[in-house]
>>> print(open('upload-v6.tsv').read())   # TSV, C-alpha atoms
chain	number	residue	atom	x	y	z
A	15	MET	CA	13.86	13.99	19.35
A	16	GLU	CA	10.17	13.31	20.06
A	17	GLN	CA	7.85	10.68	18.65
A	18	THR	CA	5.92	11.53	15.53
A	19	LYS	CA	2.32	11.79	16.70
A	20	THR	CA	-0.95	12.89	15.23
A	21	SER	CA	-4.68	12.59	15.91
A	22	ASP	CA	-7.97	14.03	14.72
A	23	ASN	CA	-7.42	17.02	17.03
A	24	ASP	CA	-3.72	17.49	16.31
A	25	THR	CA	-2.56	18.65	12.88
A	26	ARG	CA	1.06	19.05	13.97
A	27	VAL	CA	3.71	16.42	13.31
A	28	LYS	CA	6.59	16.29	15.80
A	29	ASP	CA	10.18	15.07	15.43
A	30	PRO	CA	10.32	11.27	15.52
A	31	LYS	CA	12.72	8.97	17.38
A	32	VAL	CA	14.95	6.31	15.88
A	33	ASN	CA	13.53	2.80	15.75
A	34	ASP	CA	16.04	0.08	14.85
A	35	SER	CA	13.55	-2.84	15.00
A	36	LYS	CA	13.27	-4.97	11.87
A	37	GLU	CA	10.15	-4.94	9.71
A	38	LYS	CA	7.72	-7.73	10.59
A	39	LYS	CA	6.85	-10.01	7.68
A	40	ARG	CA	3.20	-10.72	7.02
A	41	ASP	CA	2.45	-14.31	7.96
A	42	TYR	CA	-0.66	-15.84	6.39
A	43	GLY	CA	-0.01	-19.37	7.64
A	44	ASN	CA	0.23	-20.82	4.11
A	45	ASP	CA	2.53	-20.82	1.09
A	46	TYR	CA	0.15	-19.06	-1.32
A	47	PHE	CA	1.35	-16.04	-3.27
A	48	SER	CA	0.12	-12.60	-2.25
A	49	VAL	CA	-1.48	-10.00	-4.50
A	50	THR	CA	1.69	-7.89	-4.43
A	51	GLU	CA	3.84	-10.89	-5.35
A	52	ILE	CA	1.66	-11.65	-8.37
A	53	LEU	CA	1.85	-8.01	-9.48
A	54	GLY	CA	5.63	-8.26	-9.24
A	55	ALA	CA	5.48	-10.29	-12.46
A	56	ILE	CA	4.51	-7.15	-14.41
A	57	ARG	CA	7.33	-5.51	-16.31
A	58	LYS	CA	7.84	-1.94	-15.08
A	59	ILE	CA	9.56	0.06	-17.81
A	60	GLY	CA	10.02	3.21	-15.72
A	61	LEU	CA	11.71	1.26	-12.95
A	62	GLU	CA	13.98	-0.48	-15.45
A	63	MET	CA	15.08	2.90	-16.81
A	64	TRP	CA	15.74	4.11	-13.27
A	65	TYR	CA	17.97	1.10	-12.62
A	66	LYS	CA	20.04	1.97	-15.69
A	67	THR	CA	20.89	5.43	-14.29
A	68	HIS	CA	22.18	4.14	-10.93
A	69	THR	CA	24.78	1.66	-9.77
A	70	ALA	CA	23.68	-1.61	-8.19
A	71	GLN	CA	24.73	-0.34	-4.76
A	72	GLU	CA	22.81	2.92	-5.21
A	73	CYS	CA	19.70	1.00	-6.28
A	74	ASP	CA	19.91	-1.24	-3.21
A	75	GLU	CA	20.43	1.69	-0.82
A	76	ILE	CA	17.69	3.89	-2.30
A	77	SER	CA	15.22	0.99	-2.51
A	78	ALA	CA	15.88	-0.07	1.09
A	79	LYS	CA	15.41	3.49	2.33
A	80	SER	CA	12.20	4.00	0.34
A	81	LYS	CA	10.79	0.70	1.58
A	82	GLU	CA	11.53	1.57	5.21
A	83	ILE	CA	10.01	5.05	4.91
A	84	GLY	CA	6.92	3.62	3.19
A	85	THR	CA	6.55	0.96	5.90
A	86	GLN	CA	6.82	3.53	8.69
A	87	ILE	CA	4.22	5.80	7.10
A	88	HIS	CA	1.91	2.77	6.71
A	89	GLU	CA	2.44	1.88	10.39
A	90	MET	CA	1.61	5.44	11.38
A	91	ILE	CA	-1.65	5.37	9.42
A	92	GLU	CA	-2.53	1.92	10.77
A	93	SER	CA	-2.07	3.25	14.31
A	94	TYR	CA	-4.21	6.27	13.46
A	95	VAL	CA	-7.07	4.14	12.07
A	96	LYS	CA	-7.05	1.73	15.01
A	97	GLU	CA	-6.44	4.15	17.87
A	98	LYS	CA	-7.41	7.53	16.33
A	99	GLU	CA	-3.87	8.56	17.20
A	100	GLY	CA	-0.71	7.72	15.28
A	101	VAL	CA	2.76	7.23	16.67
A	102	VAL	CA	5.88	6.08	14.83
A	103	LYS	CA	9.64	6.12	15.44
A	104	THR	CA	12.07	6.61	12.58
A	105	LYS	CA	15.53	7.69	11.57
A	106	TYR	CA	14.13	9.30	8.41
A	107	LYS	CA	12.58	12.26	10.18
A	108	GLU	CA	12.11	14.63	7.24
A	109	GLU	CA	10.53	12.17	4.80
A	110	VAL	CA	8.24	10.51	7.35
A	111	ASN	CA	7.12	13.87	8.74
A	112	THR	CA	6.28	15.06	5.23
A	113	GLY	CA	4.41	11.84	4.44
A	114	LEU	CA	2.37	12.23	7.61
A	115	LYS	CA	1.55	15.83	6.79
A	116	SER	CA	0.36	14.63	3.38
A	117	PHE	CA	-1.88	12.11	5.17
A	118	LEU	CA	-3.29	14.83	7.42
A	119	LYS	CA	-3.99	16.98	4.36
A	120	PHE	CA	-5.99	14.10	2.88
A	121	ARG	CA	-7.93	13.66	6.14
A	122	SER	CA	-8.85	17.34	6.31
A	123	GLU	CA	-9.94	17.51	2.66
A	124	HIS	CA	-11.90	14.23	2.57
A	125	PRO	CA	-13.84	13.85	5.83
A	126	GLU	CA	-16.53	11.95	3.89
A	127	ILE	CA	-14.22	8.89	3.77
A	128	LYS	CA	-14.48	7.34	7.24
A	129	LEU	CA	-11.54	5.09	8.13
A	130	LYS	CA	-12.85	1.97	9.91
A	131	TRP	CA	-10.42	-0.96	9.98
A	132	ALA	CA	-6.73	-1.30	9.12
A	133	GLU	CA	-4.57	-4.18	7.89
A	134	GLN	CA	-7.28	-6.71	7.07
A	135	LYS	CA	-5.64	-10.04	6.11
A	136	LEU	CA	-7.48	-12.08	3.47
A	137	THR	CA	-6.94	-15.58	2.08
A	138	ASN	CA	-8.85	-17.53	-0.55
A	139	ASP	CA	-8.05	-21.24	-0.84
A	140	ASP	CA	-9.72	-21.65	-4.24
A	141	LEU	CA	-7.54	-18.95	-5.78
A	142	LYS	CA	-4.59	-19.84	-3.52
A	143	LEU	CA	-4.13	-16.15	-2.95
A	144	ASN	CA	-3.34	-13.90	0.02
A	145	GLY	CA	-3.74	-10.17	0.43
A	146	THR	CA	-3.74	-7.52	3.13
A	147	VAL	CA	-6.03	-4.53	2.67
A	148	ASP	CA	-4.51	-1.31	4.02
A	149	CYS	CA	-7.84	0.10	5.14
A	150	ILE	CA	-11.57	-0.60	5.03
A	151	GLY	CA	-13.45	2.66	4.95
A	152	GLU	CA	-17.03	3.83	4.72
A	153	GLU	CA	-18.57	6.49	2.51
A	154	ASN	CA	-22.26	7.36	2.53
A	155	GLY	CA	-23.01	4.10	4.35
A	156	ASP	CA	-21.14	1.92	1.83
A	157	LEU	CA	-17.89	0.07	2.48
A	158	VAL	CA	-14.87	1.13	0.40
A	159	ILE	CA	-11.38	-0.34	0.04
A	160	VAL	CA	-8.53	2.12	0.57
A	161	ASP	CA	-4.95	1.40	-0.47
A	162	TRP	CA	-2.13	3.66	0.70
A	163	LYS	CA	1.05	4.31	-1.28
A	164	THR	CA	4.01	6.62	-0.81
A	165	GLY	CA	5.87	8.44	-3.55
A	166	GLU	CA	7.59	11.63	-4.60
A	167	CYS	CA	6.36	14.65	-6.51
A	168	LYS	CA	9.82	15.76	-7.66
A	169	GLU	CA	9.12	18.47	-10.25
A	170	LYS	CA	5.40	17.60	-10.50
A	171	GLU	CA	2.48	18.91	-8.46
A	172	LEU	CA	1.37	15.47	-7.24
A	173	PRO	CA	2.95	12.01	-6.88
A	174	ALA	CA	2.25	9.50	-9.65
A	175	ILE	CA	-0.46	6.83	-9.57
A	176	TYR	CA	0.65	3.81	-11.61
A	177	PRO	CA	-1.67	1.38	-13.48
A	178	GLU	CA	-0.67	-1.59	-11.30
A	179	TYR	CA	-2.12	0.25	-8.28
A	180	ILE	CA	-5.57	-0.09	-9.85
A	181	LEU	CA	-5.04	-3.82	-10.38
A	182	GLN	CA	-3.94	-4.19	-6.77
A	183	VAL	CA	-6.92	-2.45	-5.20
A	184	SER	CA	-9.24	-4.33	-7.59
A	185	ALA	CA	-7.81	-7.65	-6.40
A	186	TYR	CA	-8.26	-6.58	-2.77
A	187	ALA	CA	-11.86	-5.59	-3.40
A	188	ALA	CA	-12.62	-8.96	-5.01
A	189	LEU	CA	-10.84	-10.88	-2.22
A	190	TYR	CA	-12.77	-8.95	0.40
A	191	GLU	CA	-16.08	-9.73	-1.27
A	192	ILE	CA	-15.18	-13.44	-1.53
A	193	CYS	CA	-13.82	-13.83	2.00
A	194	MET	CA	-16.15	-11.80	4.19
A	195	LYS	CA	-19.19	-13.41	5.80
A	196	PRO	CA	-21.82	-12.13	5.59
A	197	LYS	CA	-20.80	-11.06	2.11
A	198	SER	CA	-20.17	-7.38	1.54
A	199	SER	CA	-20.31	-5.75	-1.88
A	200	ILE	CA	-17.54	-3.31	-2.73
A	201	ARG	CA	-18.63	-0.81	-5.36
A	202	LYS	CA	-15.83	1.69	-4.91
A	203	ALA	CA	-12.19	1.84	-3.88
A	204	TYR	CA	-9.52	4.50	-3.49
A	205	VAL	CA	-5.82	4.56	-4.25
A	206	ILE	CA	-4.10	7.36	-2.34
A	207	VAL	CA	-0.41	8.19	-2.78
A	208	PHE	CA	1.21	10.35	-0.08
A	209	ALA	CA	4.20	12.42	-1.14
A	210	LYS	CA	7.27	12.27	1.09
A	211	ASP	CA	9.09	15.21	-0.52
A	212	LYS	CA	6.33	17.81	-0.10
A	213	GLU	CA	2.93	18.11	1.54
A	214	ALA	CA	0.74	16.65	-1.19
A	215	TYR	CA	-1.20	13.54	-2.15
A	216	ALA	CA	-2.79	12.03	-5.25
A	217	LEU	CA	-6.18	10.33	-5.00
A	218	LYS	CA	-7.73	7.97	-7.55
A	219	GLU	CA	-11.36	6.92	-7.18
A	220	VAL	CA	-11.90	3.44	-8.63
A	221	ASP	CA	-15.55	2.81	-9.45
A	222	SER	CA	-17.31	-0.55	-9.82
A	223	GLU	CA	-16.63	-0.79	-13.55
A	224	MET	CA	-12.93	-0.12	-13.06
A	225	LEU	CA	-12.83	-2.64	-10.20
A	226	PHE	CA	-14.38	-5.31	-12.44
A	227	LYS	CA	-11.97	-4.64	-15.30
A	228	GLY	CA	-9.02	-4.39	-12.93
A	229	TYR	CA	-9.74	-7.74	-11.31
A	230	GLU	CA	-10.35	-9.31	-14.73
A	231	THR	CA	-6.86	-8.21	-15.78
A	232	PHE	CA	-5.38	-9.37	-12.48
A	233	GLY	CA	-7.05	-12.75	-13.00
A	234	TYR	CA	-5.27	-13.17	-16.35
A	235	LEU	CA	-1.96	-12.39	-14.64
A	236	LEU	CA	-2.69	-14.80	-11.79
A	237	ARG	CA	-3.41	-17.64	-14.20
A	238	TYR	CA	-0.30	-16.80	-16.23
A	239	VAL	CA	1.89	-17.04	-13.12
A	240	GLU	CA	0.24	-20.32	-12.10
A	241	LYS	CA	1.15	-21.89	-15.46
A	242	ASN	CA	4.72	-20.54	-15.61
A	243	GLU	CA	6.96	-22.66	-13.37
A	244	GLU	CA	10.06	-20.54	-14.01
A	245	LEU	CA	8.22	-17.37	-13.03
A	246	LYS	CA	6.78	-19.04	-9.93
A	247	GLU	CA	10.28	-20.03	-8.84
A	248	MET	CA	11.53	-16.48	-9.34
A	249	ILE	CA	8.72	-15.10	-7.17
A	250	LYS	CA	9.42	-17.72	-4.50
A	251	LYS	CA	13.11	-16.80	-4.54
A	252	LYS	CA	12.30	-13.12	-4.08
A	253	LYS	CA	9.88	-14.02	-1.32
A	254	GLY	CA	12.65	-15.91	0.46
A	255	GLN	CA	14.85	-12.83	0.26
A	256	GLY	CA	12.31	-10.72	2.09
A	257	GLY	CA	9.74	-9.72	-0.52
A	258	LYS	CA	6.16	-9.31	0.75
>>> encode(input="upload-v6.tsv", output="structure tokens")
Amino acid sequence: MEQTKTSDNDTRVKDPKVNDSKEKKRDYGNDYFSVTEILGAIRKIGLEMWYKTHTAQECDEISAKSKEIGTQIHEMIESYVKEKEGVVKTKYKEEVNTGLKSFLKFRSEHPEIKLKWAEQKLTNDDLKLNGTVDCIGEENGDLVIVDWKTGECKEKELPAIYPEYILQVSAYAALYEICMKPKSSIRKAYVIVFAKDKEAYALKEVDSEMLFKGYETFGYLLRYVEKNEELKEMIKKKKGQGGK
């Protein structure tokens, strides 16, 4: 099998190789919670219902596979943004290939969104909060935050965009504005979900008003976690087991 590879001048996606290396954990050099860890405190009804229809072993196996596929698609996009050429190795050939084709479809249909920097780590000591932005883009001369997700269409035309995705990208936008010097205003962000079961993607434009409201809601959640010692311990325990 060949490496999965794509570039601006190559719309084909080739068979990938197996990569048995373990996922690298993000290291911020502190013990602050990350944006994703804080959002983990939100109750997800749909996920709870899904758990009820599968055994514990099935849940573990499906979750591990989905996480690995999502990570590999993220790595592919990161390589593309940094090098203008993406390469990834995987044992989940079909799903990763489809996810990459979905990414290429997005690139061809939205050339106005220029992809500039990938995997920007951010830390704010006042908030005691970490976050890693998937991509900093540019549109009409303005910086935009872009957050990638992977999902499945199943019987629907496009993969789902969940409300917590808006909170996440809003938190990233606020962190970016706080951390960057000279300061940069973020007036728009995008959440883009790439399907791994068919060539499709869902795109949500998050304007400045939605970013403000999203971060306001995230702020309430952050303060709630800070005041709840039991919840903080649960998040720390999950973090110790490999959560991001």
>>> residues_around(input="upload-v6.tsv", residues="Arg237 of chain A", least_positions_apart="2", cutoff="12 Å", atoms="all atoms listed in the file", output="list in words")
Ile52, Leu53, Ala55, Leu141, Lys142, Leu143, Glu230, Thr231, Phe232, Gly233, Tyr234, Leu235, Val239, Glu240, Lys241, Asn242, Glu243, Leu245 and Lys246 of chain A
>>> atom_distance(input="upload-v6.tsv", atom1="atom CA of Gln86 of chain A", atom2="atom CA of Trp131 of chain A")
17.9 Å
>>> closest_residue(input="upload-v6.tsv", among="A:Phe226, A:Tyr94, A:Phe208, A:Tyr186", to="Cys167 of chain A", atoms="only C-alpha atoms")
A:Phe208
>>> closest_residue(input="upload-v6.tsv", among="A:Leu225, A:Ile87, A:Val160, A:Leu114", to="Lys128 of chain A", atoms="all atoms listed in the file")
A:Val160
>>> closest_residue(input="upload-v6.tsv", among="A:Val95, A:Tyr106, A:Val49, A:Lys212", to="Ala187 of chain A", atoms="only C-alpha atoms")
A:Val49
>>> residues_around(input="upload-v6.tsv", residues="Lys79 of chain A", least_positions_apart="4", cutoff="12 Å", atoms="only C-alpha atoms", output="MDAnalysis selection string")
chainID A and resid 72:75 83:86 104:106 109:110
>>> write_last_selection(input="upload-v6.tsv", atoms="C-alpha atoms", output="short mmCIF file (atom, residue, chain, number, x, y, z; two decimals), keeping the file's coordinate frame")
data_model
loop_
_atom_site.label_atom_id
_atom_site.label_comp_id
_atom_site.auth_asym_id
_atom_site.auth_seq_id
_atom_site.Cartn_x
_atom_site.Cartn_y
_atom_site.Cartn_z
CA GLU A 72 22.81 2.92 -5.21
CA CYS A 73 19.70 1.00 -6.28
CA ASP A 74 19.91 -1.24 -3.21
CA GLU A 75 20.43 1.69 -0.82
CA ILE A 83 10.01 5.05 4.91
CA GLY A 84 6.92 3.62 3.19
CA THR A 85 6.55 0.96 5.90
CA GLN A 86 6.82 3.53 8.69
CA THR A 104 12.07 6.61 12.58
CA LYS A 105 15.53 7.69 11.57
CA TYR A 106 14.13 9.30 8.41
CA GLU A 109 10.53 12.17 4.80
CA VAL A 110 8.24 10.51 7.35
#
>>> residues_around(input="upload-v6.tsv", residues="segment 205-207 of chain A", least_positions_apart="5", cutoff="12 Å", atoms="all atoms listed in the file", output="ChimeraX atom specification")
/A:84,87-88,113-114,116-117,119-121,124,127,147-149,158-167,172-184,186-187,213-221,225
>>> write_last_selection(input="upload-v6.tsv", atoms="C-alpha atoms", output="mmCIF file, in the coordinates of the input")
data_model
loop_
_atom_site.group_PDB
_atom_site.id
_atom_site.type_symbol
_atom_site.label_atom_id
_atom_site.label_comp_id
_atom_site.auth_asym_id
_atom_site.auth_seq_id
_atom_site.Cartn_x
_atom_site.Cartn_y
_atom_site.Cartn_z
ATOM 1 C CA GLY A 84 6.920 3.620 3.190
ATOM 2 C CA ILE A 87 4.220 5.800 7.100
ATOM 3 C CA HIS A 88 1.910 2.770 6.710
ATOM 4 C CA GLY A 113 4.410 11.840 4.440
ATOM 5 C CA LEU A 114 2.370 12.230 7.610
ATOM 6 C CA SER A 116 0.360 14.630 3.380
ATOM 7 C CA PHE A 117 -1.880 12.110 5.170
ATOM 8 C CA LYS A 119 -3.990 16.980 4.360
ATOM 9 C CA PHE A 120 -5.990 14.100 2.880
ATOM 10 C CA ARG A 121 -7.930 13.660 6.140
ATOM 11 C CA HIS A 124 -11.900 14.230 2.570
ATOM 12 C CA ILE A 127 -14.220 8.890 3.770
ATOM 13 C CA VAL A 147 -6.030 -4.530 2.670
ATOM 14 C CA ASP A 148 -4.510 -1.310 4.020
ATOM 15 C CA CYS A 149 -7.840 0.100 5.140
ATOM 16 C CA VAL A 158 -14.870 1.130 0.400
ATOM 17 C CA ILE A 159 -11.380 -0.340 0.040
ATOM 18 C CA VAL A 160 -8.530 2.120 0.570
ATOM 19 C CA ASP A 161 -4.950 1.400 -0.470
ATOM 20 C CA TRP A 162 -2.130 3.660 0.700
ATOM 21 C CA LYS A 163 1.050 4.310 -1.280
ATOM 22 C CA THR A 164 4.010 6.620 -0.810
ATOM 23 C CA GLY A 165 5.870 8.440 -3.550
ATOM 24 C CA GLU A 166 7.590 11.630 -4.600
ATOM 25 C CA CYS A 167 6.360 14.650 -6.510
ATOM 26 C CA LEU A 172 1.370 15.470 -7.240
ATOM 27 C CA PRO A 173 2.950 12.010 -6.880
ATOM 28 C CA ALA A 174 2.250 9.500 -9.650
ATOM 29 C CA ILE A 175 -0.460 6.830 -9.570
ATOM 30 C CA TYR A 176 0.650 3.810 -11.610
ATOM 31 C CA PRO A 177 -1.670 1.380 -13.480
ATOM 32 C CA GLU A 178 -0.670 -1.590 -11.300
ATOM 33 C CA TYR A 179 -2.120 0.250 -8.280
ATOM 34 C CA ILE A 180 -5.570 -0.090 -9.850
ATOM 35 C CA LEU A 181 -5.040 -3.820 -10.380
ATOM 36 C CA GLN A 182 -3.940 -4.190 -6.770
ATOM 37 C CA VAL A 183 -6.920 -2.450 -5.200
ATOM 38 C CA SER A 184 -9.240 -4.330 -7.590
ATOM 39 C CA TYR A 186 -8.260 -6.580 -2.770
ATOM 40 C CA ALA A 187 -11.860 -5.590 -3.400
ATOM 41 C CA GLU A 213 2.930 18.110 1.540
ATOM 42 C CA ALA A 214 0.740 16.650 -1.190
ATOM 43 C CA TYR A 215 -1.200 13.540 -2.150
ATOM 44 C CA ALA A 216 -2.790 12.030 -5.250
ATOM 45 C CA LEU A 217 -6.180 10.330 -5.000
ATOM 46 C CA LYS A 218 -7.730 7.970 -7.550
ATOM 47 C CA GLU A 219 -11.360 6.920 -7.180
ATOM 48 C CA VAL A 220 -11.900 3.440 -8.630
ATOM 49 C CA ASP A 221 -15.550 2.810 -9.450
ATOM 50 C CA LEU A 225 -12.830 -2.640 -10.200
#
>>> residues_around(input="upload-v6.tsv", residues="Ile249 of chain A", least_positions_apart="4", cutoff="9 Å", atoms="only C-alpha atoms", output="compact mmCIF listing (two decimals) with C-alpha atoms, in the frame of the given file")
# COMPACT_ATOMS: atom_id res chain seq x y z
CA PHE A 47 1.35 -16.04 -3.27
CA GLU A 51 3.84 -10.89 -5.35
CA ILE A 52 1.66 -11.65 -8.37
CA GLY A 54 5.63 -8.26 -9.24
CA ALA A 55 5.48 -10.29 -12.46
CA GLU A 244 10.06 -20.54 -14.01
CA LEU A 245 8.22 -17.37 -13.03
CA LYS A 253 9.88 -14.02 -1.32
CA GLY A 254 12.65 -15.91 0.46
CA GLY A 257 9.74 -9.72 -0.52
>>> residues_around(input="upload-v6.tsv", residues="Asp41 of chain A", least_positions_apart="4", cutoff="12 Å", atoms="all atoms listed in the file", output="PyMOL selection string")
chain A and resi 45-48+135-137+144-146+253+258
>>> write_last_selection(input="upload-v6.tsv", atoms="C-alpha atoms", output="short mmCIF file (atom, residue, chain, number, x, y, z; two decimals), in the frame of the given file")
data_model
loop_
_atom_site.label_atom_id
_atom_site.label_comp_id
_atom_site.auth_asym_id
_atom_site.auth_seq_id
_atom_site.Cartn_x
_atom_site.Cartn_y
_atom_site.Cartn_z
CA ASP A 45 2.53 -20.82 1.09
CA TYR A 46 0.15 -19.06 -1.32
CA PHE A 47 1.35 -16.04 -3.27
CA SER A 48 0.12 -12.60 -2.25
CA LYS A 135 -5.64 -10.04 6.11
CA LEU A 136 -7.48 -12.08 3.47
CA THR A 137 -6.94 -15.58 2.08
CA ASN A 144 -3.34 -13.90 0.02
CA GLY A 145 -3.74 -10.17 0.43
CA THR A 146 -3.74 -7.52 3.13
CA LYS A 253 9.88 -14.02 -1.32
CA LYS A 258 6.16 -9.31 0.75
#
>>> closest_residue(input="upload-v6.tsv", among="A:Lys210, A:Leu157, A:Lys81, A:Lys103", to="Ser198 of chain A", atoms="all atoms listed in the file")
A:Leu157
>>> atom_distance(input="upload-v6.tsv", atom1="atom CA of Asp211 of chain A", atom2="atom CA of Lys168 of chain A")
7.2 Å
>>> atom_distance(input="upload-v6.tsv", atom1="atom CA of Asn154 of chain A", atom2="atom CA of Ser93 of chain A")
23.7 Å
>>> closest_residue(input="upload-v6.tsv", among="A:Lys227, A:Lys202, A:Lys96, A:Lys170", to="Gln134 of chain A", atoms="all atoms listed in the file")
A:Lys96
>>> build_atoms(input="upload-v6.tsv", residues="segment 68-81 of chain A", atoms="N, CA and C atoms", output="PDB file, in the coordinates of the input")
ATOM      1  N   HIS A  68      21.563   4.273 -12.250  1.00  0.00           N
ATOM      2  CA  HIS A  68      22.180   4.140 -10.930  1.00  0.00           C
ATOM      3  C   HIS A  68      23.003   2.865 -10.863  1.00  0.00           C
ATOM      4  N   THR A  69      23.995   2.871  -9.992  1.00  0.00           N
ATOM      5  CA  THR A  69      24.780   1.660  -9.770  1.00  0.00           C
ATOM      6  C   THR A  69      23.947   0.665  -8.960  1.00  0.00           C
ATOM      7  N   ALA A  70      24.389  -0.579  -8.946  1.00  0.00           N
ATOM      8  CA  ALA A  70      23.680  -1.610  -8.190  1.00  0.00           C
ATOM      9  C   ALA A  70      23.607  -1.245  -6.708  1.00  0.00           C
ATOM     10  N   GLN A  71      24.708  -0.714  -6.177  1.00  0.00           N
ATOM     11  CA  GLN A  71      24.730  -0.340  -4.760  1.00  0.00           C
ATOM     12  C   GLN A  71      23.757   0.803  -4.488  1.00  0.00           C
ATOM     13  N   GLU A  72      23.739   1.802  -5.379  1.00  0.00           N
ATOM     14  CA  GLU A  72      22.810   2.920  -5.210  1.00  0.00           C
ATOM     15  C   GLU A  72      21.361   2.445  -5.255  1.00  0.00           C
ATOM     16  N   CYS A  73      21.067   1.538  -6.175  1.00  0.00           N
ATOM     17  CA  CYS A  73      19.700   1.000  -6.280  1.00  0.00           C
ATOM     18  C   CYS A  73      19.290   0.298  -4.996  1.00  0.00           C
ATOM     19  N   ASP A  74      20.204  -0.512  -4.447  1.00  0.00           N
ATOM     20  CA  ASP A  74      19.910  -1.240  -3.210  1.00  0.00           C
ATOM     21  C   ASP A  74      19.676  -0.280  -2.051  1.00  0.00           C
ATOM     22  N   GLU A  75      20.531   0.739  -1.932  1.00  0.00           N
ATOM     23  CA  GLU A  75      20.430   1.690  -0.820  1.00  0.00           C
ATOM     24  C   GLU A  75      19.162   2.530  -0.923  1.00  0.00           C
ATOM     25  N   ILE A  76      18.879   3.051  -2.116  1.00  0.00           N
ATOM     26  CA  ILE A  76      17.690   3.890  -2.300  1.00  0.00           C
ATOM     27  C   ILE A  76      16.417   3.074  -2.100  1.00  0.00           C
ATOM     28  N   SER A  77      16.400   1.851  -2.642  1.00  0.00           N
ATOM     29  CA  SER A  77      15.220   0.990  -2.510  1.00  0.00           C
ATOM     30  C   SER A  77      14.952   0.629  -1.058  1.00  0.00           C
ATOM     31  N   ALA A  78      16.035   0.299  -0.323  1.00  0.00           N
ATOM     32  CA  ALA A  78      15.880  -0.070   1.090  1.00  0.00           C
ATOM     33  C   ALA A  78      15.346   1.107   1.900  1.00  0.00           C
ATOM     34  N   LYS A  79      15.871   2.300   1.612  1.00  0.00           N
ATOM     35  CA  LYS A  79      15.410   3.490   2.330  1.00  0.00           C
ATOM     36  C   LYS A  79      13.949   3.791   2.015  1.00  0.00           C
ATOM     37  N   SER A  80      13.584   3.721   0.745  1.00  0.00           N
ATOM     38  CA  SER A  80      12.200   4.000   0.340  1.00  0.00           C
ATOM     39  C   SER A  80      11.241   3.005   0.961  1.00  0.00           C
ATOM     40  N   LYS A  81      11.646   1.729   1.001  1.00  0.00           N
ATOM     41  CA  LYS A  81      10.790   0.700   1.580  1.00  0.00           C
ATOM     42  C   LYS A  81      10.581   0.949   3.066  1.00  0.00           C
TER      43      LYS A  81
END
